[in-house]
Amino acid sequence: MSFIVEAEIIHNHKVAEGCYSLAFRAPEIAESAQPGQFVHLRCSRTFDPLLRRPLGIQGIDRRDGLVKVLYQVVGKGTGLLSGFEPGSRVNVLGPLGCGFTLPAGARRVALIAGGLGIAPLCFLYETLAEQRIEAVVFHGVRSAGQALAPDLLPPVADRVLMAADDGSLGYHGSVVKLFETYAGQEPFDFFFAAGPSPMLRALSIVAKEYHLPGEVSLEERMGCGIGACLCCNCRTRGEDGWRYSRVCADGPVFPVEEVVWP
Amino acid sequence: MSFIVEAEIIHNHKVAEGCYSLAFRAPEIAESAQPGQFVHLRCSRTFDPLLRRPLGIQGIDRRDGLVKVLYQVVGKGTGLLSGFEPGSRVNVLGPLGCGFTLPAGARRVALIAGGLGIAPLCFLYETLAEQRIEAVVFHGVRSAGQALAPDLLPPVADRVLMAADDGSLGYHGSVVKLFETYAGQEPFDFFFAAGPSPMLRALSIVAKEYHLPGEVSLEERMGCGIGACLCCNCRTRGEDGWRYSRVCADGPVFPVEEVVWP
Amino acid sequence: MINTAVELAGIKLKNPVLTASGTFGYGYEYARFFDLSRLGALVVKTLTLEPRKGNPPPRITETPCGMLNAVGLENPGAERFIREILPGLKQYPVPLIVSIAGCSVEEYATMARLMTSAGSIDALEVNISCPNVKAGGIAFGTVPEMAAEVIRVVRLNTDLPIIAKLTPNVTDIAGIAVVVVEAGADAVSLINTVTGMVIDIERRRPVLANQVGGLSGPAIRPIAIRAVWQVYRAVKVPIIGMGGIMEARDAIEFMLAGARAVAVGTANLVNPLAADNVVRGIEEYLASHGISDVNELVGAAHGKED
Amino acid sequence: MINTAVELAGIKLKNPVLTASGTFGYGYEYARFFDLSRLGALVVKTLTLEPRKGNPPPRITETPCGMLNAVGLENPGAERFIREILPGLKQYPVPLIVSIAGCSVEEYATMARLMTSAGSIDALEVNISCPNVKAGGIAFGTVPEMAAEVIRVVRLNTDLPIIAKLTPNVTDIAGIAVVVVEAGADAVSLINTVTGMVIDIERRRPVLANQVGGLSGPAIRPIAIRAVWQVYRAVKVPIIGMGGIMEARDAIEFMLAGARAVAVGTANLVNPLAADNVVRGIEEYLASHGISDVNELVGAAHGKED
Ligand SMILES: Cc1cc2nc3c(=O)[nH]c(=O)nc-3n(C[C@H](O)[C@H](O)[C@H](O)COP(=O)(O)OP(=O)(O)OC[C@H]3O[C@@H](n4cnc5c(N)ncnc54)[C@H](O)[C@@H]3O)c2cc1C
Ligand SMILES: Cc1cc2nc3c(=O)[nH]c(=O)nc-3n(C[C@H](O)[C@H](O)[C@H](O)COP(=O)(O)OP(=O)(O)OC[C@H]3O[C@@H](n4cnc5c(N)ncnc54)[C@H](O)[C@@H]3O)c2cc1C
Ligand SMILES: Cc1cc2nc3c(=O)[nH]c(=O)nc-3n(C[C@H](O)[C@H](O)[C@H](O)COP(=O)(O)O)c2cc1C
Ligand SMILES: Cc1cc2nc3c(=O)[nH]c(=O)nc-3n(C[C@H](O)[C@H](O)[C@H](O)COP(=O)(O)O)c2cc1C
Ligand code: FES
Ligand code: FES
């Protein structure tokens with residue numbers, strides 16, 4: 001079930017370089033959201049910009065009916081969104097998409113995030129913790145400035161290994177390389193990853209090498225977000241080699257072995 | 001001289017049914033503005049709506065560099081404008097247009113306003129007072145709810161005769177009719193008027209009857225506001241009967257006898 | 001009682017609000033947001049004879065007050081549609097209009113036959129914006145003779161009402177309307193998307209994988225209104241107006257320009273409730289303006305003298 | 001040193017930024033906001049032989065991310081322009097391009113002669129979007145033969161560079177570009193406004209007194225970019241791109257699509273500093289991207305393979 005909510009904004013403030021935390025009240029969405037699902041937000045009351053913006057759900061507070069997202073200001077939509085004041089309203093459609101699937105019997109999993117890919121993995125971490133599945137979080141950022149304070153990532157905060165492309169924090173290099181240094185040593189049953197496409201692609205190669213099954217959350221430009229317009233296609237394995245799937249409705253989470261990388 | 005200013009908003013709040021008072025800091029504009037001139041405001045940071053909105057100058061505070069306008073929320077632009085918070089900025093182009101011309105030797109004048117046509121007449125009243133010219137203000141509104149509190153119209157407040165179309169305040173009927181009841185009795189040397197076109201047209205007929213010279217401030221949809229695009233035309237007397245003038249640059253104030261009414 | 005029903009090429013619609021092909025999937029994606037029987041009719045995504053994968057990503061980009069898409073007619077093909085999707089569509093108590101396309105006149109003919117014999121379809125919308133492979137890829141809808149030829153063969157292959165969907169990418173849309181009506185179209189729908197393009201100034205390449213795409217949304221509404229206005233003066237058949245309808249007031253603008261029905265397109269992507277809101281908003285406009293029959297709006301902006 | 005100069009039909013411009021005819025008056029309205037010699041060239045409002053009053057009000061209305069205008073070529077006529085306005089324009093150290101139009105081929109010819117003999121004009125932009133009175137009011141620019149005929153007679157009547165300004169309201173703008181170049185145009189500028197319409201749902205009449213108007217602004221940019229892209233592949237002469245340029249990034253998009261110069265139009269109405277900002281923004285883009293010559297951008301989005 002998905003809902004359209006004129007949600008009251010609880011907070012909306014900067015938490016790192018160009019990165020904002022937004023919480024809004026939408027009890028229907030909070031009630032039914034699953035880790036890996038996303039919300040689709042209108043960033044303007046006018047038609048410029050016209051389309052909604054998809055953001056992964058970082059966490060929910062079912063008691064207060066709150067939904068939290070983390071977003072990077074990259075363009076017009078997120079720029080306008082960062083100006084929304086607490087107390088005002090944002091039009092939200094969600095929860096949307098198919099979230100992560102916990103593999104039966106998994107006991108130790110790796111969560112691998114590039115940039116704000118950390119958001120849906122926070123939500124996932126919480127759910128794993130409830131099911132007493134151990135998770136190690138690998139989080140890559142470009143530079144220390146983009147790293148989020150531990151109190152922003154409460155569930156994962158004490159189990160996170162950082163990597164920074166520029167060496168300003170934690171491991172010097174990509175999060176995939178960081179993960180690789182562990183993958184050889186520590187036994188993981190499964191992995192979940194979210195982040196930019198090139199990172200996920202690199203990760204898929206590493207995972208294959210270590211015979212590690214997993215799921216990745218993809219991103220593509222979206223229209224409707226509900227599976228109707230066929231604008232958000234990605235290649236997945238299919239009858240004659242590959243077929244197009246809809247990131248918004250068939251994903252955004254796909255088993256890593258299903259994805260046909262561009 | 002005209003200026004483009006990212007002006008800080010000092011206040012922006014409702015003062016009557018659908019009517020807002022906006023003050024912003026723009027010392028260059030405050031310095032040079034004349035009664036009857038207008039400012040051209042952007043009501044959005046995006047391109048929807050695209051064009052600026054013209055608003056007459058209600059008053060200025062040269063010491064603090066403030067400019068005040070009064071506006072009615074009638075559509076998209078003014079609707080968005082009413083959401084601007086004090087402390088934020090509004091992009092203003094102004095002062096624009098040709099204002100009122102005080103006739104030499106005038107000692108007693110009538111100021112006749114329909115709706116928010118009162119705004120430029122407040123500014124004019126102040127200037128007349130400085131020159132010790134006596135002014136009587138006739139102000140028509142649709143209904144009492146649209147009337148502004150006296151403290152919003154400080155200069156004119158004690159010299160204003162109200163008319164309401166629905167009889168809920170002052171004279172029951174149009175402000176033109178109200179003015180007519182006085183025009184026959186009291187001697188005026190000149191009149192200045194601002195308001196909707198049908199009102200000004202009716203007024204022009206009354207003025208002709210009483211041989212009263214005067215000036216009217218016209219409204220037309222505008223593009224540039226600076227005389228370049230030729231989008232804001234109105235008919236005025238000219239060589240072969242009539243010609244088009246530009247409301248923004250040749251007006252908005254025209255001698256009443258120059259206007260060829262539609 | 002206010003009448004909102006309109007008649008369109010022999011089909012009676014309870015109100016003039018349709019969905020624009022390609023923006024409403026096959027309906028069920030929206031059924032979780034509102035009751036589809038609220039609509040005047042359902043128009044589904046264009047179908048072709050064979051399944052089509054469509055264009056590679058990115059297929060969409062945003063433009064000022066609009067969007068550009070190059071989905072490339074991805075669809076499951078006629079056979080799978082009839083077998084797997086049509087049975088589900090029948091459950092909605094709402095007239096069903098199926099949009100068909102082809103890359104040759106023969107394909108249009110086959111599609112018309114297949115859909116007609118499939119049953120439970122109320123009308124065919126013929127999307128003539130497709131490239132004619134035999135004519136070097138020129139879109140059927142941009143050449144009067146080719147447009148007319150398509151409608152003629154569809155007419156020969158169906159007894160369903162035919163709606164010809166016109167492209168605005170022509171010098172004279174009214175001229176195209178005239179020839180498709182002569183060729184047998186019972187109604188025309190307009191406009192399809194306007195060809196456009198966006199270039200990424202960092203990558204220095206077109207944003208869409210397909211380079212060009214179709215512009216839709218509020219940005220094109222003035223173009224669409226003008227097209228409906230011109231076509232209304234040129235032909236007598238009913239017009240389905242579309243292009244940037246976001247709210248009821250936009251739909252009313254189309255009706256005043258001459259549309260007997262309207263289709264909500266891009267707005268569905270922005271707000272899944274858009275079509276339902278338009279239905280409600282038209283009712284409110286009629287009530288608040290004391291208009292007892294929605295048909296009074298049709299072409300009313302042309303006035304008496306024109 | 002970064003080179004921003006471009007050559008356009010024999011005129012050397014210090015940068016590729018022009019003003020779009022009709023949106024910049026005769027220049028002086030903007031001279032109080034910035035130094036006009038910052039511009040690549042000044043293009044003035046279209047002139048006709050006789051003075052024209054233009055259309056009655058309202059001439060303008062707003063549309064989503066755009067505007068519709070029907071000024072109707074109000075202008076003082078050739079004679080008064082030459083006598084009263086041209087002397088003042090000479091004072092600005094910036095190339096001057098005069099836009100001319102007519103309702104007959106003869107009027108175009110006379111205009112070309114008059115403007116050429118007036119002196120101190122650097123090029124003629126020929127606005128072929130005007131209705132041809134003899135052909136029942138069809139715009140010259142929409143019929144290849146008529147468009148070519150206009151350019152041919154202008155060519156015979158001037159030795160100034162000729163820029164043909166194309167209308168987008170055609171099925172095949174590249175085809176029109178080809179014939180006007182064959183007829184003697186040294187450059188083409190595109191696009192003029194897109195025909196559109198807005199209806200007032202309260203008055204139930206078109207908003208503009210002229211009923212239809214020309215759509216401009218960001219809304220039409222994707223249409224204009226596509227047009228430049230297509231024309232770039234069809235002709236070798238330089239292209240002046242315009243349509244919804246609000247900022248430098250938009251101008252760069254046009255250059256990547258194939259424009260050697262760009263014109264700022266509606267943006268001047270929104271922000272009198274727009275053209276100057278575009279000049280500055282292009283310089284910044286070149287610097288930040290390590291591009292030493294603005295000419296490298298021209299057509300770069302077409303890539304090598306195409
Ligand atoms: C399922 C999903 C989940 C996402 N979750 C997050 C998240 O939790 N936090 C976060 O910061 N970002 C997330 N993104 C990316 C986010 O949607 C884009 O950064 C955002 O839409 C950019 O909008 P803009 O207007 O600021 O940028 P602009 O560049 O102005 O946007 C222009 C267009 O491009 C699209 N676009 C731009 N970048 C992307 C992108 N990376 N993916 C998809 N569309 C894009 C926009 O939607 C818009 O249509 C997610 C994307 C998807 C598909
Ligand atoms: C010289 C001048 C001075 C004005 N002074 C005032 C003032 O002091 N207070 C005030 O409340 N209003 C004033 N107006 C009218 C005011 O500009 C319009 O009410 C306003 O532009 C409406 O914008 P909108 O987006 O809210 O309405 P919309 O209806 O959404 O506007 C759509 C378009 O119509 C134009 N428009 C709508 N109404 C008018 C109008 N009456 N005159 C000109 N253009 C219009 C808008 O500018 C816009 O382009 C003045 C107009 C002019 C020309
Ligand atoms: C994503 C998308 C897909 C579309 N697919 C089709 C299609 O398959 N067949 C068709 O005839 N029109 C298609 N269209 C065009 C719409 O039906 C409609 O004619 C056009 O978008 C204008 O209306 P709008 O501005 O309200 O969207 C599509 C439009 C969009 C935005
Ligand atoms: C108010 C206005 C008046 C115009 N007048 C003319 C004109 O006289 N001659 C002409 O060739 N184009 C005219 N145009 C078209 C512009 O020059 C330009 O081609 C078009 O507006 C697209 O560019 P833009 O979107 O940047 O405005 C006019 C446009 C506007 C908005
Ligand atoms: S965004 Fe419409 S199908 Fe995915
Ligand atoms: S608004 Fe442009 S000339 Fe008056």
# chains A, B, ... in the order shown; residues from 1 in each chain; ligands from 1
$ interface_residues --of "chain B" --to "chain A" --cutoff "12 Å" --atoms "only C-alpha atoms" --output "PyMOL selection string"
chain B and resi 43-50+76-77+79-80+83-85+88
$ write_last_selection --atoms "N, CA, C and O atoms" --output "PDB file, in the first residue's frame"
ATOM      1  N   CYS B  43       8.465  36.910  -7.748  1.00  0.00           N
ATOM      2  CA  CYS B  43       7.735  36.243  -6.672  1.00  0.00           C
ATOM      3  C   CYS B  43       8.180  34.803  -6.484  1.00  0.00           C
ATOM      4  O   CYS B  43       7.560  34.042  -5.752  1.00  0.00           O
ATOM      5  N   SER B  44       9.228  34.386  -7.195  1.00  0.00           N
ATOM      6  CA  SER B  44       9.678  32.999  -7.101  1.00  0.00           C
ATOM      7  C   SER B  44      11.152  32.948  -7.477  1.00  0.00           C
ATOM      8  O   SER B  44      11.630  33.768  -8.254  1.00  0.00           O
ATOM      9  N   ARG B  45      11.842  31.966  -6.941  1.00  0.00           N
ATOM     10  CA  ARG B  45      13.238  31.736  -7.328  1.00  0.00           C
ATOM     11  C   ARG B  45      13.292  30.833  -8.561  1.00  0.00           C
ATOM     12  O   ARG B  45      14.338  30.614  -9.138  1.00  0.00           O
ATOM     13  N   THR B  46      12.168  30.214  -8.893  1.00  0.00           N
ATOM     14  CA  THR B  46      12.151  29.329 -10.052  1.00  0.00           C
ATOM     15  C   THR B  46      11.536  30.105 -11.226  1.00  0.00           C
ATOM     16  O   THR B  46      11.291  31.301 -11.116  1.00  0.00           O
ATOM     17  N   PHE B  47      11.270  29.436 -12.328  1.00  0.00           N
ATOM     18  CA  PHE B  47      10.703  30.120 -13.489  1.00  0.00           C
ATOM     19  C   PHE B  47       9.193  29.917 -13.606  1.00  0.00           C
ATOM     20  O   PHE B  47       8.622  30.093 -14.669  1.00  0.00           O
ATOM     21  N   ASP B  48       8.587  29.515 -12.521  1.00  0.00           N
ATOM     22  CA  ASP B  48       7.139  29.351 -12.497  1.00  0.00           C
ATOM     23  C   ASP B  48       6.620  29.997 -11.224  1.00  0.00           C
ATOM     24  O   ASP B  48       6.749  29.391 -10.159  1.00  0.00           O
ATOM     25  N   PRO B  49       6.081  31.201 -11.268  1.00  0.00           N
ATOM     26  CA  PRO B  49       5.873  32.055 -12.441  1.00  0.00           C
ATOM     27  C   PRO B  49       7.171  32.716 -12.909  1.00  0.00           C
ATOM     28  O   PRO B  49       8.106  32.895 -12.131  1.00  0.00           O
ATOM     29  N   LEU B  50       7.153  33.073 -14.180  1.00  0.00           N
ATOM     30  CA  LEU B  50       8.361  33.569 -14.833  1.00  0.00           C
ATOM     31  C   LEU B  50       8.552  35.074 -14.682  1.00  0.00           C
ATOM     32  O   LEU B  50       9.667  35.545 -14.436  1.00  0.00           O
ATOM     33  N   LYS B  76      -1.190  33.378  -8.599  1.00  0.00           N
ATOM     34  CA  LYS B  76      -0.001  32.603  -8.287  1.00  0.00           C
ATOM     35  C   LYS B  76       1.115  33.476  -7.700  1.00  0.00           C
ATOM     36  O   LYS B  76       1.705  33.150  -6.671  1.00  0.00           O
ATOM     37  N   GLY B  77       1.413  34.575  -8.395  1.00  0.00           N
ATOM     38  CA  GLY B  77       2.552  35.407  -7.995  1.00  0.00           C
ATOM     39  C   GLY B  77       2.352  36.012  -6.628  1.00  0.00           C
ATOM     40  O   GLY B  77       3.184  35.856  -5.726  1.00  0.00           O
ATOM     41  N   GLY B  79       0.259  35.107  -4.459  1.00  0.00           N
ATOM     42  CA  GLY B  79       0.132  34.004  -3.503  1.00  0.00           C
ATOM     43  C   GLY B  79       1.485  33.562  -2.982  1.00  0.00           C
ATOM     44  O   GLY B  79       1.683  33.417  -1.771  1.00  0.00           O
ATOM     45  N   LEU B  80       2.433  33.375  -3.881  1.00  0.00           N
ATOM     46  CA  LEU B  80       3.782  32.977  -3.463  1.00  0.00           C
ATOM     47  C   LEU B  80       4.432  34.091  -2.641  1.00  0.00           C
ATOM     48  O   LEU B  80       5.087  33.841  -1.627  1.00  0.00           O
ATOM     49  N   GLY B  83       4.030  34.272   1.022  1.00  0.00           N
ATOM     50  CA  GLY B  83       4.752  33.291   1.825  1.00  0.00           C
ATOM     51  C   GLY B  83       6.185  33.706   2.155  1.00  0.00           C
ATOM     52  O   GLY B  83       6.864  33.007   2.907  1.00  0.00           O
ATOM     53  N   PHE B  84       6.648  34.801   1.599  1.00  0.00           N
ATOM     54  CA  PHE B  84       8.028  35.241   1.870  1.00  0.00           C
ATOM     55  C   PHE B  84       8.152  35.674   3.336  1.00  0.00           C
ATOM     56  O   PHE B  84       7.347  36.450   3.830  1.00  0.00           O
ATOM     57  N   GLU B  85       9.207  35.199   3.982  1.00  0.00           N
ATOM     58  CA  GLU B  85       9.385  35.469   5.408  1.00  0.00           C
ATOM     59  C   GLU B  85      10.253  36.716   5.622  1.00  0.00           C
ATOM     60  O   GLU B  85      11.194  36.947   4.867  1.00  0.00           O
ATOM     61  N   SER B  88      14.160  37.050   4.768  1.00  0.00           N
ATOM     62  CA  SER B  88      14.543  36.504   3.466  1.00  0.00           C
ATOM     63  C   SER B  88      14.593  37.644   2.451  1.00  0.00           C
ATOM     64  O   SER B  88      14.334  38.801   2.787  1.00  0.00           O
TER      65      SER B  88
END
$ interface_residues --of "chain D" --to "chain A" --cutoff "12 Å" --atoms "only C-alpha atoms" --output "PyMOL selection string"
chain D and resi 63-66+218-219
$ select_by_dssp --residues "range 110-298 of chain C" --states "strand (DSSP E or B)" --output "ChimeraX atom specification"
/C:123-127,131-132,138-139,162-165,187-190,194-197,199-200,205-206,212-216,239-242,261-264,293
$ interface_residues --of "chain D" --to "chain C" --cutoff "7 Å" --atoms "only C-alpha atoms" --output "number ranges by chain"
D: 64-65, 142, 169-171, 195-199, 201, 204-206, 218-219, 222-223, 225-226, 252-253, 256, 300-301
$ residues_around --residues "Pro51 in chain C" --least-positions-apart "5" --cutoff "10 Å" --atoms "only C-alpha atoms" --output "MDAnalysis selection string"
chainID C and resid 73:81
$ write_last_selection --atoms "N, CA and C atoms" --output "compact mmCIF listing (two decimals), in the first residue's frame"
# COMPACT_ATOMS: atom_id res chain seq x y z
N LEU C 73 8.20 3.23 -26.76
CA LEU C 73 7.10 2.27 -26.92
C LEU C 73 7.37 0.88 -26.34
N GLU C 74 8.08 0.81 -25.22
CA GLU C 74 8.19 -0.47 -24.51
C GLU C 74 6.79 -1.01 -24.25
N ASN C 75 6.56 -2.24 -24.64
CA ASN C 75 5.25 -2.86 -24.37
C ASN C 75 5.35 -4.36 -24.60
N PRO C 76 4.42 -5.09 -24.00
CA PRO C 76 4.51 -6.56 -24.04
C PRO C 76 4.08 -7.16 -25.37
N GLY C 77 3.60 -6.36 -26.31
CA GLY C 77 3.12 -6.90 -27.59
C GLY C 77 1.65 -7.27 -27.50
N ALA C 78 1.01 -7.33 -28.66
CA ALA C 78 -0.44 -7.53 -28.73
C ALA C 78 -0.87 -8.84 -28.05
N GLU C 79 -0.14 -9.88 -28.35
CA GLU C 79 -0.58 -11.20 -27.89
C GLU C 79 -0.59 -11.29 -26.36
N ARG C 80 0.54 -10.88 -25.75
CA ARG C 80 0.59 -10.96 -24.29
C ARG C 80 -0.40 -10.01 -23.65
N PHE C 81 -0.60 -8.85 -24.29
CA PHE C 81 -1.59 -7.92 -23.76
C PHE C 81 -2.95 -8.57 -23.71
$ residues_near_ligand --ligand "ligand 3" --cutoff "7 Å" --atoms "only C-alpha atoms and all ligand atoms" --output "ChimeraX atom specification"
/A:229-231 /C:20-23,45-46,69,71,73,99,127,165,190-193,216-218,220-221,242-245,263-267
$ select_by_dssp --residues "range 33-184 of chain A" --states "alpha helix (DSSP H)" --output "list in words"
Lys76, Gly77, Thr78, Gly79, Leu80, Leu81, Ile118, Ala119, Pro120, Leu121, Cys122, Phe123, Leu124, Tyr125, Glu126, Thr127, Leu128, Ala129, Glu130, Val175, Val176, Lys177, Leu178, Phe179, Glu180, Thr181, Tyr182 and Ala183 of chain A
$ residues_around --residues "Lys134 in chain D" --least-positions-apart "5" --cutoff "10 Å" --atoms "only C-alpha atoms" --output "list in words"
Cys103, Ser104 and Val105 of chain D
$ residues_around --residues "Ile2 in chain D" --least-positions-apart "6" --cutoff "10 Å" --atoms "only C-alpha atoms" --output "PyMOL selection string"
chain D and resi 283+286-287+290-294
$ write_last_selection --atoms "C-alpha atoms" --output "PDB file, in the first residue's frame"
ATOM      1  CA  GLU D 283      33.650  33.068 -19.457  1.00  0.00           C
ATOM      2  CA  LEU D 286      35.333  28.141 -20.104  1.00  0.00           C
ATOM      3  CA  ALA D 287      37.801  28.968 -17.337  1.00  0.00           C
ATOM      4  CA  GLY D 290      39.927  24.497 -19.043  1.00  0.00           C
ATOM      5  CA  ILE D 291      38.546  25.383 -22.461  1.00  0.00           C
ATOM      6  CA  SER D 292      40.689  27.963 -24.221  1.00  0.00           C
ATOM      7  CA  ASP D 293      38.366  28.813 -27.083  1.00  0.00           C
ATOM      8  CA  VAL D 294      34.604  29.166 -26.994  1.00  0.00           C
TER       9      VAL D 294
END
$ residues_near_ligand --ligand "ligand 2" --cutoff "8 Å" --atoms "only C-alpha atoms and all ligand atoms" --output "ChimeraX atom specification"
/B:19,37-39,49,51-58,69-80,97,116-120,196,217-223,247-248,251-252 /D:60-62
$ closest_residue --among "B:Tyr244, B:Phe24, B:Phe100, B:Tyr171" --to "ligand 6" --atoms "only C-alpha atoms and all ligand atoms"
B:Tyr244
$ decode --residues "range 140-156 of chain C" --atoms "N, CA, C and O atoms" --output "tab-separated table (two decimals), in the first residue's frame"
chain	number	residue	atom	x	y	z
C	140	PHE	N	4.64	8.76	-39.40
C	140	PHE	CA	3.40	8.72	-40.18
C	140	PHE	C	2.61	10.01	-40.03
C	140	PHE	O	2.08	10.55	-41.00
C	141	GLY	N	2.53	10.48	-38.80
C	141	GLY	CA	1.63	11.59	-38.49
C	141	GLY	C	2.07	12.93	-39.04
C	141	GLY	O	1.34	13.91	-38.93
C	142	THR	N	3.29	13.02	-39.59
C	142	THR	CA	3.76	14.32	-40.07
C	142	THR	C	3.52	14.53	-41.56
C	142	THR	O	3.76	15.61	-42.08
C	143	VAL	N	3.07	13.48	-42.24
C	143	VAL	CA	2.82	13.59	-43.68
C	143	VAL	C	1.35	13.27	-43.92
C	143	VAL	O	0.90	12.15	-43.63
C	144	PRO	N	0.57	14.22	-44.43
C	144	PRO	CA	-0.87	14.01	-44.55
C	144	PRO	C	-1.23	12.69	-45.24
C	144	PRO	O	-2.08	11.94	-44.75
C	145	GLU	N	-0.57	12.37	-46.35
C	145	GLU	CA	-0.93	11.14	-47.08
C	145	GLU	C	-0.68	9.90	-46.23
C	145	GLU	O	-1.47	8.96	-46.22
C	146	MET	N	0.47	9.89	-45.52
C	146	MET	CA	0.80	8.72	-44.70
C	146	MET	C	-0.16	8.60	-43.52
C	146	MET	O	-0.59	7.50	-43.16
C	147	ALA	N	-0.51	9.73	-42.93
C	147	ALA	CA	-1.44	9.72	-41.80
C	147	ALA	C	-2.79	9.16	-42.25
C	147	ALA	O	-3.37	8.29	-41.60
C	148	ALA	N	-3.25	9.65	-43.40
C	148	ALA	CA	-4.55	9.22	-43.91
C	148	ALA	C	-4.53	7.73	-44.25
C	148	ALA	O	-5.48	6.99	-43.97
C	149	GLU	N	-3.44	7.26	-44.82
C	149	GLU	CA	-3.31	5.86	-45.21
C	149	GLU	C	-3.44	4.94	-43.98
C	149	GLU	O	-4.13	3.92	-44.03
C	150	VAL	N	-2.80	5.31	-42.91
C	150	VAL	CA	-2.89	4.51	-41.69
C	150	VAL	C	-4.34	4.41	-41.22
C	150	VAL	O	-4.86	3.33	-40.93
C	151	ILE	N	-5.00	5.55	-41.16
C	151	ILE	CA	-6.39	5.55	-40.67
C	151	ILE	C	-7.28	4.74	-41.63
C	151	ILE	O	-8.16	3.99	-41.19
C	152	ARG	N	-7.01	4.87	-42.92
C	152	ARG	CA	-7.81	4.14	-43.90
C	152	ARG	C	-7.73	2.63	-43.67
C	152	ARG	O	-8.74	1.94	-43.62
C	153	VAL	N	-6.53	2.11	-43.48
C	153	VAL	CA	-6.42	0.65	-43.29
C	153	VAL	C	-6.96	0.22	-41.94
C	153	VAL	O	-7.53	-0.86	-41.82
C	154	VAL	N	-6.81	1.06	-40.95
C	154	VAL	CA	-7.41	0.71	-39.65
C	154	VAL	C	-8.92	0.64	-39.81
C	154	VAL	O	-9.57	-0.29	-39.32
C	155	ARG	N	-9.47	1.61	-40.53
C	155	ARG	CA	-10.92	1.65	-40.76
C	155	ARG	C	-11.40	0.35	-41.43
C	155	ARG	O	-12.45	-0.19	-41.08
C	156	LEU	N	-10.59	-0.14	-42.36
C	156	LEU	CA	-10.95	-1.36	-43.07
C	156	LEU	C	-10.88	-2.59	-42.18
C	156	LEU	O	-11.43	-3.63	-42.49
